[in-house]
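Notes for the one structure printed next.
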Amino acid sequence: MASASLERVAFGSTGLIVPPIAVGCAPLGDMRETFLYSVPEDQAIATVLAALSSPIDYIDTAGWYGDGESERRIGLALKELGGLPQGAILQTKVGRSPDLFDFSGEIVKRRFERSMALLGVDHFDTVFLHGPETTPFDAAMAPGGPVDVLRGYYEQGVFDHFGVASDKSDVDMEYLKTGLFDAVISSNRYTLLNTNSDELFTYAAERGIAVLNAAPYGSGILSRGPRNYPRYFYRAAPPAIVERALAIEAICERHGVPLAAAALQFSLRDSRITVTIAGMSKPERIQETMGFASLEIPDELWEKIEALGPPDTSDPGAT
Ligand SMILES: NC(=O)c1ccc[n+]([C@@H]2O[C@H](COP(=O)([O-])OP(=O)(O)OC[C@H]3O[C@@H](n4cnc5c(N)ncnc54)[C@H](OP(=O)(O)O)[C@@H]3O)[C@@H](O)[C@H]2O)c1
């Protein structure tokens with residue numbers, strides 16, 4: 001029987017100390033096509049305010065989420081508070097423009113300046129290069145390219161740590177091998193249903209690179225439930241994924257454990273993972289999430305899940 005700890009943890013070898021759970025703010029971008037529901041502005045602001053007054057005062061966002069809408073709403077919450085509260089953690093991600101498919105250094109500069117304006121801040125704990133799988137590695141690394149531009153801000157002290165967050169484990173790995181990155185985010189690739197990022201996480205953890213595991217609920221199937229929301233990685237889930245989610249849900253029900261608690265703790269109990277980024281868009285989710293983390297889960301539940309056989313390891317984006 002064990003629960004997960006909410007004690008702050010070392011962010012890789014950076015010296016930064018952070019909560020083990022970050023509040024994922026993609027749903028706050030009101031992305032109906034991605035999540036199939038809308039999130040009103042006042043609810044989004046209330047969610048950020050609830051997060052920032054809780055032990056999981058760690059906000060993860062990106063310019064990509066609703067093309068600035070998530071950052072704009074977080075900015076409104078920060079304005080209400082008079083800025084980021086002392087000790088709270090804020091990170092964003094910068095990448096290509098959604099409309100132009102432009103991943104030049106110039107567009108990254110413009111988008112990063114927009115992120116700062118929308119959030120109303122001039123400093124971040126960590127900034128991530130977002131979605132570099134959409135541009136050739138050599139172009140991203142070239143002088144004046146997106147990595148060079150973001151390194152420029154880093155060197156000026158605009159952010160303290162530099163990370164990479166692509167949608168492909170092998171692409172993340174290629175960037176980590178440059179030695180330029182302190183942190184990596186992988187999403188939907190280390191859950192009860194898919195462990196595509198296993199090798200990446202071992203590689204990063206062994207080198208003191210902070211490992212951020214995003215979307216522990218596979219974008220919702222493991223939190224909203226496979227009957228209500230049979231979607232994985234923002235699209236209809238393949239039948240084998242739904243079947244496994246239903247089997248895990250049945251095991252959880254027999255032990256009186258919410259499926260979401262098992263999904264969250266699957267990530268929290270992995271010693272390689274520094275931070276688990278769980279997405280949410282309602283203020284009550286903060287307490288629910290901390291409740292999921294603190295719940296005692298019997299060893300037998302994990303043994304029964306293990307007996308189902310290993311999860312899929314293929315790239316969920318490839319299907
Ligand atoms: N490349 C990258 O860097 C990358 C990629 C993807 C995601 N991310 C980050 O990781 C975060 C997490 O990913 P995600 O949001 O896509 O997926 P997720 O965390 O796997 O799942 C989010 C979904 O779970 C629901 N949920 C959360 N807590 C719940 C609860 N207590 N009860 C019922 N439902 C609950 C949310 O619903 P509600 O909206 O109703 O709360 C939302 O629909 C993102 O928000 C983003 O910040 C990063």
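If you're wondering about the labels, chains in the structure tokens are A, B, ... by order shown, residues count from 1 in each chain, ligands from 1 in order shown.
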request  = Select from region 27-57 of chain A everything DSSP, run on the backbone, classes as alpha helix (DSSP H), then give the selection as a list in words.
outcome  = Arg32, Glu33, Thr34, Phe35, Glu41, Asp42, Gln43, Ala44, Ile45, Ala46, Thr47, Val48, Leu49, Ala50, Ala51 and Leu52 of chain A
request  = Report as JSON, numbers by chain which protein, DNA and RNA residues come within 7 Å of ligand 1, using only C-alpha atoms and all ligand atoms.
outcome  = {"A": [23, 24, 25, 26, 27, 35, 60, 61, 130, 131, 165, 166, 167, 185, 186, 187, 188, 214, 215, 216, 217, 218, 219, 220, 223, 224, 260, 277, 278, 279, 280, 281, 282, 285, 288, 289]}
request  = Find the spatial neighbours of Val9 (chain A), counting only C-alpha atoms, within a cut-off of 12 Å - ignore same-chain residues fewer than 5 positions away - and output them as a PyMOL selection string.
outcome  = chain A and resi 14-22+56+210-211+268+271-276
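If you measure from each of A:Ala62, A:Met116, A:Ser169, A:Ala204 to Ser314 (chain A) using only C-alpha atoms, the closest one turns out to be A:Ser169.
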message = Among region 137-202 of chain A, which residues does DSSP mark as strand (DSSP E) when it is run on the backbone? Keep the chain and numbering as in the structure and answer as a count of residues only.
response = 12
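The environment of Asp57 (chain A) within 6 Å, counting only C-alpha atoms and disregarding residues fewer than 4 places along the same chain, consists of A:Ala51, A:Leu52, A:Ala88.
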